[in-house]
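Trainee: Next up, structure_19.cif (mmCIF, C-alpha atoms).
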```
data_upload
loop_
_atom_site.group_PDB
_atom_site.id
_atom_site.type_symbol
_atom_site.label_atom_id
_atom_site.label_comp_id
_atom_site.auth_asym_id
_atom_site.auth_seq_id
_atom_site.Cartn_x
_atom_site.Cartn_y
_atom_site.Cartn_z
ATOM 1 C CA MET A 1 81.180 42.976 111.309
ATOM 2 C CA GLN A 2 79.605 40.794 113.924
ATOM 3 C CA LEU A 3 78.586 41.761 117.439
ATOM 4 C CA ASP A 4 79.469 39.553 120.369
ATOM 5 C CA LYS A 5 76.267 38.104 121.803
ATOM 6 C CA LYS A 6 78.196 37.204 124.953
ATOM 7 C CA LEU A 7 77.971 40.886 125.886
ATOM 8 C CA VAL A 8 74.300 40.369 126.791
ATOM 9 C CA GLY A 9 74.092 40.885 130.538
ATOM 10 C CA HIS A 10 76.957 43.370 130.648
ATOM 11 C CA THR A 11 76.255 46.003 133.283
ATOM 12 C CA PHE A 12 77.782 49.453 132.962
ATOM 13 C CA LYS A 13 79.219 51.443 135.826
ATOM 14 C CA ALA A 14 76.466 53.473 137.510
ATOM 15 C CA PHE A 15 76.765 57.258 137.584
ATOM 16 C CA THR A 16 74.885 60.058 139.321
ATOM 17 C CA THR A 17 73.887 63.393 137.816
ATOM 18 C CA THR A 18 71.930 66.364 139.116
ATOM 19 C CA VAL A 19 68.867 67.630 137.203
ATOM 20 C CA GLU A 20 69.593 71.287 136.377
ATOM 21 C CA ALA A 21 67.163 74.094 135.526
ATOM 22 C CA GLY A 22 69.423 75.627 132.860
ATOM 23 C CA LYS A 23 69.753 72.337 130.987
ATOM 24 C CA ILE A 24 65.980 71.830 131.031
ATOM 25 C CA ARG A 25 65.573 75.380 129.662
ATOM 26 C CA LEU A 26 67.898 74.617 126.733
ATOM 27 C CA PHE A 27 66.200 71.246 126.150
ATOM 28 C CA CYS A 28 62.780 72.951 125.996
ATOM 29 C CA LYS A 29 64.064 75.611 123.616
ATOM 30 C CA ALA A 30 65.355 72.843 121.328
ATOM 31 C CA ILE A 31 62.083 70.888 121.296
ATOM 32 C CA GLY A 32 59.817 73.946 121.074
ATOM 33 C CA GLU A 33 58.196 73.338 124.471
ATOM 34 C CA GLU A 34 56.807 76.618 125.795
ATOM 35 C CA ASN A 35 54.847 75.557 128.881
ATOM 36 C CA PRO A 36 56.073 77.904 131.662
ATOM 37 C CA ILE A 37 56.216 75.049 134.209
ATOM 38 C CA TYR A 38 59.502 73.951 132.600
ATOM 39 C CA VAL A 39 61.243 77.304 133.039
ATOM 40 C CA ASP A 40 59.516 79.120 135.900
ATOM 41 C CA GLU A 41 59.588 77.595 139.371
ATOM 42 C CA GLU A 42 56.570 79.638 140.481
ATOM 43 C CA ALA A 43 54.517 78.368 137.541
ATOM 44 C CA ALA A 44 55.619 74.803 138.312
ATOM 45 C CA LYS A 45 54.585 75.137 141.963
ATOM 46 C CA LYS A 46 51.254 76.687 140.993
ATOM 47 C CA ALA A 47 50.638 73.653 138.771
ATOM 48 C CA GLY A 48 51.258 71.344 141.736
ATOM 49 C CA TYR A 49 54.907 70.362 141.206
ATOM 50 C CA ARG A 50 57.412 70.704 144.048
ATOM 51 C CA ALA A 51 59.964 72.188 141.625
ATOM 52 C CA ILE A 52 60.416 72.488 137.858
ATOM 53 C CA PRO A 53 59.661 69.017 136.434
ATOM 54 C CA ALA A 54 61.890 67.360 133.856
ATOM 55 C CA PRO A 55 59.907 66.936 130.580
ATOM 56 C CA PRO A 56 59.108 63.276 129.764
ATOM 57 C CA THR A 57 61.955 62.691 127.331
ATOM 58 C CA TYR A 58 64.432 64.829 129.275
ATOM 59 C CA LEU A 59 65.436 61.499 130.820
ATOM 60 C CA THR A 60 67.570 61.029 127.704
ATOM 61 C CA ALA A 61 69.617 64.068 128.777
ATOM 62 C CA VAL A 62 69.950 62.496 132.227
ATOM 63 C CA THR A 63 71.180 59.159 130.877
ATOM 64 C CA ASN A 64 73.422 60.939 128.326
ATOM 65 C CA ASP A 65 75.223 62.760 131.143
ATOM 66 C CA ASP A 66 77.410 59.704 131.733
ATOM 67 C CA PRO A 67 81.025 60.759 132.464
ATOM 68 C CA ASP A 68 81.988 57.551 130.633
ATOM 69 C CA LYS A 69 79.972 58.655 127.581
ATOM 70 C CA GLY A 70 79.942 56.257 124.644
ATOM 71 C CA GLY A 71 80.464 53.198 126.833
ATOM 72 C CA LEU A 72 78.014 51.068 124.850
ATOM 73 C CA LEU A 73 79.761 51.811 121.541
ATOM 74 C CA ARG A 74 83.174 51.104 123.047
ATOM 75 C CA LEU A 75 81.868 47.839 124.474
ATOM 76 C CA LEU A 76 80.503 46.834 121.063
ATOM 77 C CA ASN A 77 83.520 48.299 119.225
ATOM 78 C CA VAL A 78 81.181 50.160 116.861
ATOM 79 C CA ASP A 79 81.698 53.559 115.211
ATOM 80 C CA ILE A 80 79.131 56.192 116.201
ATOM 81 C CA GLY A 81 78.434 56.946 112.516
ATOM 82 C CA LEU A 82 76.962 53.467 112.046
ATOM 83 C CA ILE A 83 74.231 53.600 114.655
ATOM 84 C CA LEU A 84 70.568 54.518 114.433
ATOM 85 C CA HIS A 85 67.955 54.626 117.144
ATOM 86 C CA GLY A 86 65.457 51.787 116.716
ATOM 87 C CA GLU A 87 63.147 52.135 119.682
ATOM 88 C CA GLN A 88 62.877 53.946 122.993
ATOM 89 C CA HIS A 89 60.479 53.272 125.848
ATOM 90 C CA TYR A 90 60.062 55.005 129.183
ATOM 91 C CA GLU A 91 58.097 53.907 132.191
ATOM 92 C CA TYR A 92 57.563 56.742 134.685
ATOM 93 C CA LEU A 93 57.256 55.608 138.285
ATOM 94 C CA ALA A 94 57.770 58.923 140.105
ATOM 95 C CA PRO A 95 58.309 62.517 138.997
ATOM 96 C CA VAL A 96 61.813 63.890 138.407
ATOM 97 C CA HIS A 97 62.448 67.525 139.291
ATOM 98 C CA VAL A 98 65.201 70.129 139.198
ATOM 99 C CA GLY A 99 67.616 69.440 142.040
ATOM 100 C CA ASP A 100 67.099 65.675 142.039
ATOM 101 C CA LYS A 101 70.251 63.567 141.981
ATOM 102 C CA ILE A 102 69.567 60.684 139.639
ATOM 103 C CA THR A 103 71.657 57.517 139.547
ATOM 104 C CA CYS A 104 71.581 55.640 136.235
ATOM 105 C CA GLN A 105 72.519 52.018 135.726
ATOM 106 C CA GLN A 106 72.496 50.591 132.220
ATOM 107 C CA LYS A 107 72.543 46.919 131.241
ATOM 108 C CA VAL A 108 72.682 45.162 127.864
ATOM 109 C CA VAL A 109 69.643 42.865 127.656
ATOM 110 C CA ASP A 110 69.675 41.530 124.083
ATOM 111 C CA ILE A 111 71.795 41.433 120.924
ATOM 112 C CA TYR A 112 70.458 40.032 117.638
ATOM 113 C CA ASP A 113 70.751 40.566 113.892
ATOM 114 C CA LYS A 114 68.357 40.806 110.953
ATOM 115 C CA LYS A 115 68.678 40.734 107.178
ATOM 116 C CA GLY A 116 71.515 38.202 107.327
ATOM 117 C CA GLY A 117 73.642 40.348 109.598
ATOM 118 C CA ALA A 118 73.176 43.600 107.633
ATOM 119 C CA LEU A 119 71.607 45.149 110.716
ATOM 120 C CA TRP A 120 72.369 44.427 114.349
ATOM 121 C CA PHE A 121 70.110 45.325 117.253
ATOM 122 C CA VAL A 122 71.309 46.004 120.766
ATOM 123 C CA ALA A 123 68.663 46.354 123.478
ATOM 124 C CA SER A 124 69.590 47.936 126.778
ATOM 125 C CA GLU A 125 67.710 48.857 129.909
ATOM 126 C CA THR A 126 68.525 51.677 132.298
ATOM 127 C CA GLU A 127 67.161 52.092 135.794
ATOM 128 C CA LEU A 128 66.967 55.633 137.155
ATOM 129 C CA LYS A 129 66.867 56.083 140.925
ATOM 130 C CA ASP A 130 66.578 59.291 142.907
ATOM 131 C CA GLN A 131 68.663 60.496 145.862
ATOM 132 C CA ALA A 132 66.522 58.400 148.242
ATOM 133 C CA GLY A 133 67.269 55.267 146.210
ATOM 134 C CA LYS A 134 63.710 55.119 144.881
ATOM 135 C CA LEU A 135 63.228 53.838 141.337
ATOM 136 C CA VAL A 136 61.780 56.816 139.418
ATOM 137 C CA ALA A 137 61.915 55.534 135.834
ATOM 138 C CA LYS A 138 62.921 52.667 133.609
ATOM 139 C CA ALA A 139 64.266 53.268 130.130
ATOM 140 C CA LYS A 140 64.580 50.656 127.396
ATOM 141 C CA GLY A 141 66.326 51.469 124.153
ATOM 142 C CA ILE A 142 67.183 49.618 120.988
ATOM 143 C CA THR A 143 70.285 50.739 119.129
ATOM 144 C CA VAL A 144 70.532 49.650 115.494
ATOM 145 C CA VAL A 145 74.018 49.120 114.056
ATOM 146 C CA ARG A 146 74.411 49.270 110.267
ATOM 147 C CA ASN A 147 76.927 46.634 109.211
ATOM 148 C CA PRO A 148 79.457 48.413 106.947
ATOM 149 C CA ASP A 149 80.550 45.054 105.462
ATOM 150 C CA ALA A 150 77.009 44.331 104.242
ATOM 151 C CA ALA A 151 76.936 47.616 102.303
ATOM 152 C CA LYS A 152 80.120 46.633 100.433
ATOM 153 C CA LYS A 153 78.670 43.350 99.129
ATOM 154 C CA MET B 1 48.477 74.883 132.747
ATOM 155 C CA THR B 2 47.143 71.660 131.259
ATOM 156 C CA THR B 3 43.811 70.435 132.618
ATOM 157 C CA ALA B 4 43.315 66.724 132.097
ATOM 158 C CA PRO B 5 40.124 65.276 130.604
ATOM 159 C CA LYS B 6 38.053 63.049 132.895
ATOM 160 C CA PHE B 7 38.348 59.273 132.530
ATOM 161 C CA ASP B 8 34.583 58.814 132.131
ATOM 162 C CA GLN B 9 34.395 61.406 129.359
ATOM 163 C CA VAL B 10 37.210 59.937 127.264
ATOM 164 C CA LYS B 11 36.230 57.525 124.479
ATOM 165 C CA VAL B 12 38.316 55.137 122.401
ATOM 166 C CA GLY B 13 38.923 56.914 119.091
ATOM 167 C CA ASP B 14 39.087 60.398 120.636
ATOM 168 C CA GLU B 15 41.803 62.452 118.972
ATOM 169 C CA ILE B 16 44.196 64.919 120.555
ATOM 170 C CA LYS B 17 44.548 68.252 118.743
ATOM 171 C CA PRO B 18 47.512 67.719 116.370
ATOM 172 C CA ILE B 19 50.636 69.875 116.552
ATOM 173 C CA VAL B 20 52.100 71.031 113.231
ATOM 174 C CA LEU B 21 55.744 71.929 113.794
ATOM 175 C CA PRO B 22 57.901 74.454 111.989
ATOM 176 C CA PRO B 23 60.281 72.813 109.476
ATOM 177 C CA ILE B 24 63.211 71.035 111.156
ATOM 178 C CA SER B 25 66.214 73.364 110.966
ATOM 179 C CA ARG B 26 69.938 72.819 111.398
ATOM 180 C CA HIS B 27 69.785 75.329 114.235
ATOM 181 C CA GLN B 28 67.221 73.176 116.045
ATOM 182 C CA LEU B 29 69.486 70.125 115.673
ATOM 183 C CA ALA B 30 72.397 72.102 117.128
ATOM 184 C CA LEU B 31 70.273 73.179 120.092
ATOM 185 C CA TYR B 32 69.083 69.614 120.633
ATOM 186 C CA CYS B 33 72.675 68.297 120.436
ATOM 187 C CA GLY B 34 73.569 70.526 123.386
ATOM 188 C CA GLY B 35 70.252 70.285 125.191
ATOM 189 C CA SER B 36 70.019 66.485 125.118
ATOM 190 C CA GLY B 37 73.685 65.642 125.505
ATOM 191 C CA ASP B 38 73.486 63.483 122.358
ATOM 192 C CA HIS B 39 76.666 64.714 120.694
ATOM 193 C CA ASN B 40 76.645 62.275 117.775
ATOM 194 C CA PRO B 41 78.105 64.421 114.935
ATOM 195 C CA ILE B 42 75.846 62.713 112.374
ATOM 196 C CA HIS B 43 73.068 65.153 113.390
ATOM 197 C CA VAL B 44 75.035 68.391 113.118
ATOM 198 C CA ASP B 45 78.111 67.837 110.930
ATOM 199 C CA ILE B 46 77.297 67.323 107.249
ATOM 200 C CA ASP B 47 80.848 66.170 106.449
ATOM 201 C CA PHE B 48 80.541 63.410 109.026
ATOM 202 C CA ALA B 49 77.054 62.429 107.804
ATOM 203 C CA LYS B 50 78.281 62.150 104.204
ATOM 204 C CA LYS B 51 81.257 60.042 105.273
ATOM 205 C CA PHE B 52 78.774 57.506 106.647
ATOM 206 C CA GLY B 53 76.613 57.428 103.511
ATOM 207 C CA PHE B 54 73.900 59.987 104.303
ATOM 208 C CA LYS B 55 72.992 62.860 101.947
ATOM 209 C CA ASP B 56 72.745 65.328 104.827
ATOM 210 C CA VAL B 57 72.449 65.541 108.590
ATOM 211 C CA PHE B 58 69.161 64.313 110.037
ATOM 212 C CA ALA B 59 67.166 64.838 113.202
ATOM 213 C CA HIS B 60 67.894 62.955 116.401
ATOM 214 C CA GLY B 61 65.212 60.314 116.920
ATOM 215 C CA MET B 62 64.873 61.560 120.462
ATOM 216 C CA LEU B 63 64.069 65.086 119.229
ATOM 217 C CA SER B 64 61.018 63.646 117.493
ATOM 218 C CA MET B 65 60.200 61.583 120.573
ATOM 219 C CA ALA B 66 60.200 64.854 122.520
ATOM 220 C CA PHE B 67 57.427 65.995 120.138
ATOM 221 C CA LEU B 68 55.440 62.910 121.193
ATOM 222 C CA GLY B 69 56.000 64.001 124.789
ATOM 223 C CA ARG B 70 54.744 67.474 123.894
ATOM 224 C CA ILE B 71 51.450 66.236 122.479
ATOM 225 C CA VAL B 72 50.826 63.984 125.487
ATOM 226 C CA THR B 73 51.546 66.802 127.960
ATOM 227 C CA SER B 74 49.325 69.132 125.911
ATOM 228 C CA TRP B 75 46.486 66.733 126.797
ATOM 229 C CA VAL B 76 47.282 65.787 130.403
ATOM 230 C CA PRO B 77 49.632 67.245 133.015
ATOM 231 C CA GLN B 78 53.003 65.563 132.940
ATOM 232 C CA SER B 79 52.511 64.137 136.451
ATOM 233 C CA GLN B 80 49.850 61.828 134.964
ATOM 234 C CA VAL B 81 52.058 60.336 132.235
ATOM 235 C CA ARG B 82 52.940 56.713 133.042
ATOM 236 C CA VAL B 83 54.440 55.364 129.808
ATOM 237 C CA LEU B 84 55.880 56.848 126.637
ATOM 238 C CA GLY B 85 57.446 54.669 123.977
ATOM 239 C CA THR B 86 58.155 54.682 120.276
ATOM 240 C CA ARG B 87 59.612 52.936 117.270
ATOM 241 C CA PHE B 88 61.641 55.158 114.975
ATOM 242 C CA THR B 89 60.274 54.140 111.582
ATOM 243 C CA SER B 90 61.954 56.543 109.173
ATOM 244 C CA ILE B 91 64.537 59.316 109.151
ATOM 245 C CA THR B 92 63.526 62.954 109.705
ATOM 246 C CA TRP B 93 65.509 65.269 107.432
ATOM 247 C CA VAL B 94 66.287 68.985 107.704
ATOM 248 C CA GLY B 95 63.327 70.871 106.219
ATOM 249 C CA ASP B 96 60.771 68.169 107.003
ATOM 250 C CA VAL B 97 57.454 69.445 108.336
ATOM 251 C CA ILE B 98 56.297 67.120 111.085
ATOM 252 C CA THR B 99 52.741 66.773 112.313
ATOM 253 C CA VAL B 100 52.317 65.185 115.731
ATOM 254 C CA SER B 101 49.050 63.378 116.346
ATOM 255 C CA GLY B 102 47.503 61.197 118.995
ATOM 256 C CA LYS B 103 44.361 59.207 119.653
ATOM 257 C CA VAL B 104 42.856 57.093 122.389
ATOM 258 C CA THR B 105 43.206 53.352 121.761
ATOM 259 C CA GLY B 106 42.109 51.890 125.085
ATOM 260 C CA LYS B 107 40.789 52.447 128.593
ATOM 261 C CA ARG B 108 41.410 50.192 131.570
ATOM 262 C CA GLU B 109 41.647 50.126 135.353
ATOM 263 C CA GLU B 110 44.767 48.594 136.806
ATOM 264 C CA GLY B 111 46.332 48.745 140.275
ATOM 265 C CA GLY B 112 43.769 51.294 141.426
ATOM 266 C CA GLN B 113 44.578 53.618 138.513
ATOM 267 C CA LYS B 114 42.281 54.631 135.665
ATOM 268 C CA LEU B 115 44.517 54.327 132.629
ATOM 269 C CA VAL B 116 44.078 55.526 129.076
ATOM 270 C CA ASP B 117 46.267 54.172 126.272
ATOM 271 C CA LEU B 118 47.170 56.406 123.368
ATOM 272 C CA GLU B 119 48.688 55.959 119.951
ATOM 273 C CA VAL B 120 51.001 58.888 119.215
ATOM 274 C CA LYS B 121 52.748 59.516 115.921
ATOM 275 C CA CYS B 122 55.001 61.867 114.012
ATOM 276 C CA THR B 123 54.193 62.101 110.308
ATOM 277 C CA ASN B 124 56.146 64.015 107.668
ATOM 278 C CA GLN B 125 54.889 66.233 104.835
ATOM 279 C CA ASN B 126 54.656 63.191 102.529
ATOM 280 C CA GLY B 127 52.304 61.373 104.885
ATOM 281 C CA GLN B 128 54.996 58.949 106.027
ATOM 282 C CA ASP B 129 55.153 58.082 109.724
ATOM 283 C CA THR B 130 58.570 58.860 111.169
ATOM 284 C CA LEU B 131 57.665 57.697 114.685
ATOM 285 C CA GLN B 132 54.978 55.228 115.729
ATOM 286 C CA GLY B 133 54.586 55.504 119.465
ATOM 287 C CA ASN B 134 52.355 54.799 122.394
ATOM 288 C CA ALA B 135 51.612 56.422 125.721
ATOM 289 C CA THR B 136 49.688 55.558 128.838
ATOM 290 C CA VAL B 137 48.252 58.248 131.090
ATOM 291 C CA ALA B 138 46.385 58.070 134.387
ATOM 292 C CA LEU B 139 43.135 60.039 134.595
ATOM 293 C CA ASN B 140 40.733 60.797 137.418
#
```
Can you present the structure in this file as structure tokens?
Mentor:
Amino acid sequence: MQLDKKLVGHTFKAFTTTVEAGKIRLFCKAIGEENPIYVDEEAAKKAGYRAIPAPPTYLTAVTNDDPDKGGLLRLLNVDIGLILHGEQHYEYLAPVHVGDKITCQQKVVDIYDKKGGALWFVASETELKDQAGKLVAKAKGITVVRNPDAAKK
Amino acid sequence: MTTAPKFDQVKVGDEIKPIVLPPISRHQLALYCGGSGDHNPIHVDIDFAKKFGFKDVFAHGMLSMAFLGRIVTSWVPQSQVRVLGTRFTSITWVGDVITVSGKVTGKREEGGQKLVDLEVKCTNQNGQDTLQGNATVALN
């Protein structure tokens, strides 16, 4: 298996998704977050937020809400069982709240291998903009692909 | 409600109160699969995980990164978080007991903001780091 380095620069189709209170509630239940600002609008407003804020890593649920889910793996022609998450970085430029309509645009920024091709690394960046077109966050992720051919050697 | 420490009172080396989590359960992974929209079966379907060479399902990296988010927002209100990042350094298995910790590594003023840099980590019951992360928060 070898990934095509010419895919660096590929830009995925942008999509827009609405931040929903019920999804944040489930996300918080899953991560054990019990701060009432994430479930109770009154508590959020009392704490100075204009609505329930999305927890810091809830942005992954926003970017995962792509109707064309799995686009990166299809582009790379890689099975989902072979990937691991190498790194993730968020830069927060403005708060994201329930009701916001967030547009996500992902781009492949680097592809390289290590250990003689046993592991491949795909770096991508996603810009998240709100309904006013303002950049609210930048996400950078590194996906690690385990080369099944290397394991057979 | 989280009340942030003051910039002038924070010192490099200050530690945030650690969070010791309940053992990772399969139920938690199922909830996170739905809650995060990461539907990769490797985290919830043991047959699929075994097919790809793993002994069992394992936690989503982003679930552990959410724990890093929790410790940062236990220290400052979320509106003051500027950066959160991590490397995923080892796999978190079902049953692992994760401790989340954080400490101040730097203080600086930049673009009119008073910023504090943090090292944040998840460590398993064997003392092995599963996530080595960093955060930057703005303080008053």
Trainee: Skip stretch 91-97 of chain B itself and residues of its chain fewer than 2 positions away, then list as a list in words all residues within 7 Å of it, counting all atoms listed in the file.
Mentor: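 My reading of the contact set: Leu21, Pro22, Pro23, Ile24, Ser25, Arg26, Phe58, Ala59, Thr99, Asn124, Gln125 and Thr130 of chain B.
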Trainee: Write down, as an NGL selection string, each residue of chain A that has any atom within 6 Å of an atom of chain B, counting only C-alpha atoms.
Mentor: :A and (26-27 or 30 or 56-57 or 61 or 64 or 81 or 86-92)
Trainee: Taking only C-alpha atoms into account, which of B:Gly127, B:Ala138, B:Ala4, B:Glu15 comes nearest B:Gly112?
Mentor: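 Of B:Gly127, B:Ala138, B:Ala4, B:Glu15, the one nearest B:Gly112 is B:Ala138, counting only C-alpha atoms.
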Trainee: What is the distance, in Å and to one decimal place, between atom CA of A:Lys101 and atom CA of A:Glu125?
Mentor: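 Result for atom CA of A:Lys101 versus atom CA of A:Glu125: 19.2 Å, one decimal.
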Trainee: Could you tell me which of B:Lys17, B:Lys103, B:Lys6, B:Lys121 comes closest to B:Asn140 if we count only C-alpha atoms?
Mentor: B:Lys6
Trainee: By how many Å are atom CA of A:Ile80 and atom CA of A:Arg146 apart?
Mentor: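 Distance between the two atoms: 10.3 Å.
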Trainee: Taking the file above as input, evaluate the PyMOL selection byres ((chain B and resi 106) around 8) and report the hits as a list of chain:residue names.
Mentor: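 Selected by the PyMOL selection byres ((chain B and resi 106) around 8) here: B:Val12, B:Val104, B:Thr105, B:Lys107, B:Arg108, B:Val116, B:Asp117, B:Leu118.
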Trainee: At a cut-off of 8 Å, using all atoms listed in the file, what residues contact stretch 109-120 of chain A? Leave out same-chain residues fewer than 6 positions from it and give the result as a count of residues only.
Mentor: 16
Trainee: Identify which of the residues B:Asp8, B:Glu119, B:Asp56, B:Asp45 lies closest to B:Ser101, counting all atoms listed in the file when measuring atom-to-atom distances.
Mentor: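 Going through B:Asp8, B:Glu119, B:Asp56, B:Asp45 one by one, the smallest distance to B:Ser101 is for B:Glu119.
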Trainee: Is it possible to get the residues within 9 Å of (68.8, 63.9, 131.4) (coordinates as in the file, counting all atoms listed in the file) written as a list in words?
Mentor: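 The distance filter leaves exactly Thr17, Thr18, Val19, Glu20, Lys23, Ile24, Ala54, Thr57, Tyr58, Leu59, Thr60, Ala61, Val62, Thr63, Asn64, Asp65 and Ile102 of chain A; Ser36 and Gly37 of chain B.
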Trainee: Report the distance between atom CA of A:Lys13 and atom CA of A:Ala94 in Å, rounded to one decimal place.
Mentor: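 A separation of 23.1 Å between them.
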Trainee: Nearest to A:Pro55 among A:Lys107, A:Lys138, A:Lys29, A:His85, with distances taken over all atoms listed in the file: which residue is it?
Mentor: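 Looking only at the distances to A:Pro55, the closest residue turns out to be A:Lys29.
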Trainee: Give me the result of the PyMOL selection byres ((chain A and resi 37) around 10) on this file, residue by residue, as number ranges by chain.
Mentor: A: 34-36, 38-49, 51-55; B: 1
Trainee: How would the residues just chosen look if you wrote them out with C-alpha atoms as a PDB file, in the frame of the given file?
Mentor:
```
ATOM      1  CA  GLU A  34      56.807  76.618 125.795  1.00  0.00           C
ATOM      2  CA  ASN A  35      54.847  75.557 128.881  1.00  0.00           C
ATOM      3  CA  PRO A  36      56.073  77.904 131.662  1.00  0.00           C
ATOM      4  CA  TYR A  38      59.502  73.951 132.600  1.00  0.00           C
ATOM      5  CA  VAL A  39      61.243  77.304 133.039  1.00  0.00           C
ATOM      6  CA  ASP A  40      59.516  79.120 135.900  1.00  0.00           C
ATOM      7  CA  GLU A  41      59.588  77.595 139.371  1.00  0.00           C
ATOM      8  CA  GLU A  42      56.570  79.638 140.481  1.00  0.00           C
ATOM      9  CA  ALA A  43      54.517  78.368 137.541  1.00  0.00           C
ATOM     10  CA  ALA A  44      55.619  74.803 138.312  1.00  0.00           C
ATOM     11  CA  LYS A  45      54.585  75.137 141.963  1.00  0.00           C
ATOM     12  CA  LYS A  46      51.254  76.687 140.993  1.00  0.00           C
ATOM     13  CA  ALA A  47      50.638  73.653 138.771  1.00  0.00           C
ATOM     14  CA  GLY A  48      51.258  71.344 141.736  1.00  0.00           C
ATOM     15  CA  TYR A  49      54.907  70.362 141.206  1.00  0.00           C
ATOM     16  CA  ALA A  51      59.964  72.188 141.625  1.00  0.00           C
ATOM     17  CA  ILE A  52      60.416  72.488 137.858  1.00  0.00           C
ATOM     18  CA  PRO A  53      59.661  69.017 136.434  1.00  0.00           C
ATOM     19  CA  ALA A  54      61.890  67.360 133.856  1.00  0.00           C
ATOM     20  CA  PRO A  55      59.907  66.936 130.580  1.00  0.00           C
TER      21      PRO A  55
ATOM     22  CA  MET B   1      48.477  74.883 132.747  1.00  0.00           C
TER      23      MET B   1
END
```
Trainee: Pick the closest to A:Val108 from A:Lys134, A:Lys69, A:Lys140, A:Arg74: which is it, counting all atoms listed in the file?
Mentor: A:Lys140
Trainee: Could you write stretch 34-50 of chain B as a PDB file, in the coordinates of the input, with N, CA and C atoms rebuilt where they are missing?
Mentor:
```
ATOM      1  N   GLY B  34      73.135  70.026 122.086  1.00  0.00           N
ATOM      2  CA  GLY B  34      73.569  70.526 123.386  1.00  0.00           C
ATOM      3  C   GLY B  34      72.561  70.228 124.483  1.00  0.00           C
ATOM      4  N   GLY B  35      71.293  70.422 124.171  1.00  0.00           N
ATOM      5  CA  GLY B  35      70.252  70.285 125.191  1.00  0.00           C
ATOM      6  C   GLY B  35      70.056  68.854 125.672  1.00  0.00           C
ATOM      7  N   SER B  36      70.262  67.894 124.769  1.00  0.00           N
ATOM      8  CA  SER B  36      70.019  66.485 125.118  1.00  0.00           C
ATOM      9  C   SER B  36      71.284  65.766 125.551  1.00  0.00           C
ATOM     10  N   GLY B  37      72.441  66.353 125.225  1.00  0.00           N
ATOM     11  CA  GLY B  37      73.685  65.642 125.505  1.00  0.00           C
ATOM     12  C   GLY B  37      73.968  64.523 124.515  1.00  0.00           C
ATOM     13  N   ASP B  38      73.181  64.436 123.433  1.00  0.00           N
ATOM     14  CA  ASP B  38      73.486  63.483 122.358  1.00  0.00           C
ATOM     15  C   ASP B  38      74.390  64.202 121.368  1.00  0.00           C
ATOM     16  N   HIS B  39      75.685  63.966 121.495  1.00  0.00           N
ATOM     17  CA  HIS B  39      76.666  64.714 120.694  1.00  0.00           C
ATOM     18  C   HIS B  39      77.073  63.978 119.431  1.00  0.00           C
ATOM     19  N   ASN B  40      76.320  62.994 119.011  1.00  0.00           N
ATOM     20  CA  ASN B  40      76.645  62.275 117.775  1.00  0.00           C
ATOM     21  C   ASN B  40      76.725  63.284 116.625  1.00  0.00           C
ATOM     22  N   PRO B  41      77.925  63.406 115.984  1.00  0.00           N
ATOM     23  CA  PRO B  41      78.105  64.421 114.935  1.00  0.00           C
ATOM     24  C   PRO B  41      77.211  64.204 113.715  1.00  0.00           C
ATOM     25  N   ILE B  42      76.656  63.014 113.561  1.00  0.00           N
ATOM     26  CA  ILE B  42      75.846  62.713 112.374  1.00  0.00           C
ATOM     27  C   ILE B  42      74.634  63.652 112.258  1.00  0.00           C
ATOM     28  N   HIS B  43      74.236  64.272 113.384  1.00  0.00           N
ATOM     29  CA  HIS B  43      73.068  65.153 113.390  1.00  0.00           C
ATOM     30  C   HIS B  43      73.403  66.629 113.147  1.00  0.00           C
ATOM     31  N   VAL B  44      74.675  66.960 113.217  1.00  0.00           N
ATOM     32  CA  VAL B  44      75.035  68.391 113.118  1.00  0.00           C
ATOM     33  C   VAL B  44      76.202  68.671 112.171  1.00  0.00           C
ATOM     34  N   ASP B  45      76.902  67.634 111.741  1.00  0.00           N
ATOM     35  CA  ASP B  45      78.111  67.837 110.930  1.00  0.00           C
ATOM     36  C   ASP B  45      77.917  67.126 109.587  1.00  0.00           C
ATOM     37  N   ILE B  46      77.647  67.917 108.551  1.00  0.00           N
ATOM     38  CA  ILE B  46      77.297  67.323 107.249  1.00  0.00           C
ATOM     39  C   ILE B  46      78.454  66.504 106.673  1.00  0.00           C
ATOM     40  N   ASP B  47      79.687  66.923 106.961  1.00  0.00           N
ATOM     41  CA  ASP B  47      80.848  66.170 106.449  1.00  0.00           C
ATOM     42  C   ASP B  47      80.859  64.766 107.045  1.00  0.00           C
ATOM     43  N   PHE B  48      80.572  64.705 108.328  1.00  0.00           N
ATOM     44  CA  PHE B  48      80.541  63.410 109.026  1.00  0.00           C
ATOM     45  C   PHE B  48      79.390  62.552 108.486  1.00  0.00           C
ATOM     46  N   ALA B  49      78.221  63.176 108.307  1.00  0.00           N
ATOM     47  CA  ALA B  49      77.054  62.429 107.804  1.00  0.00           C
ATOM     48  C   ALA B  49      77.348  61.839 106.427  1.00  0.00           C
ATOM     49  N   LYS B  50      77.977  62.624 105.568  1.00  0.00           N
ATOM     50  CA  LYS B  50      78.281  62.150 104.204  1.00  0.00           C
ATOM     51  C   LYS B  50      79.280  60.997 104.240  1.00  0.00           C
TER      52      LYS B  50
END
```
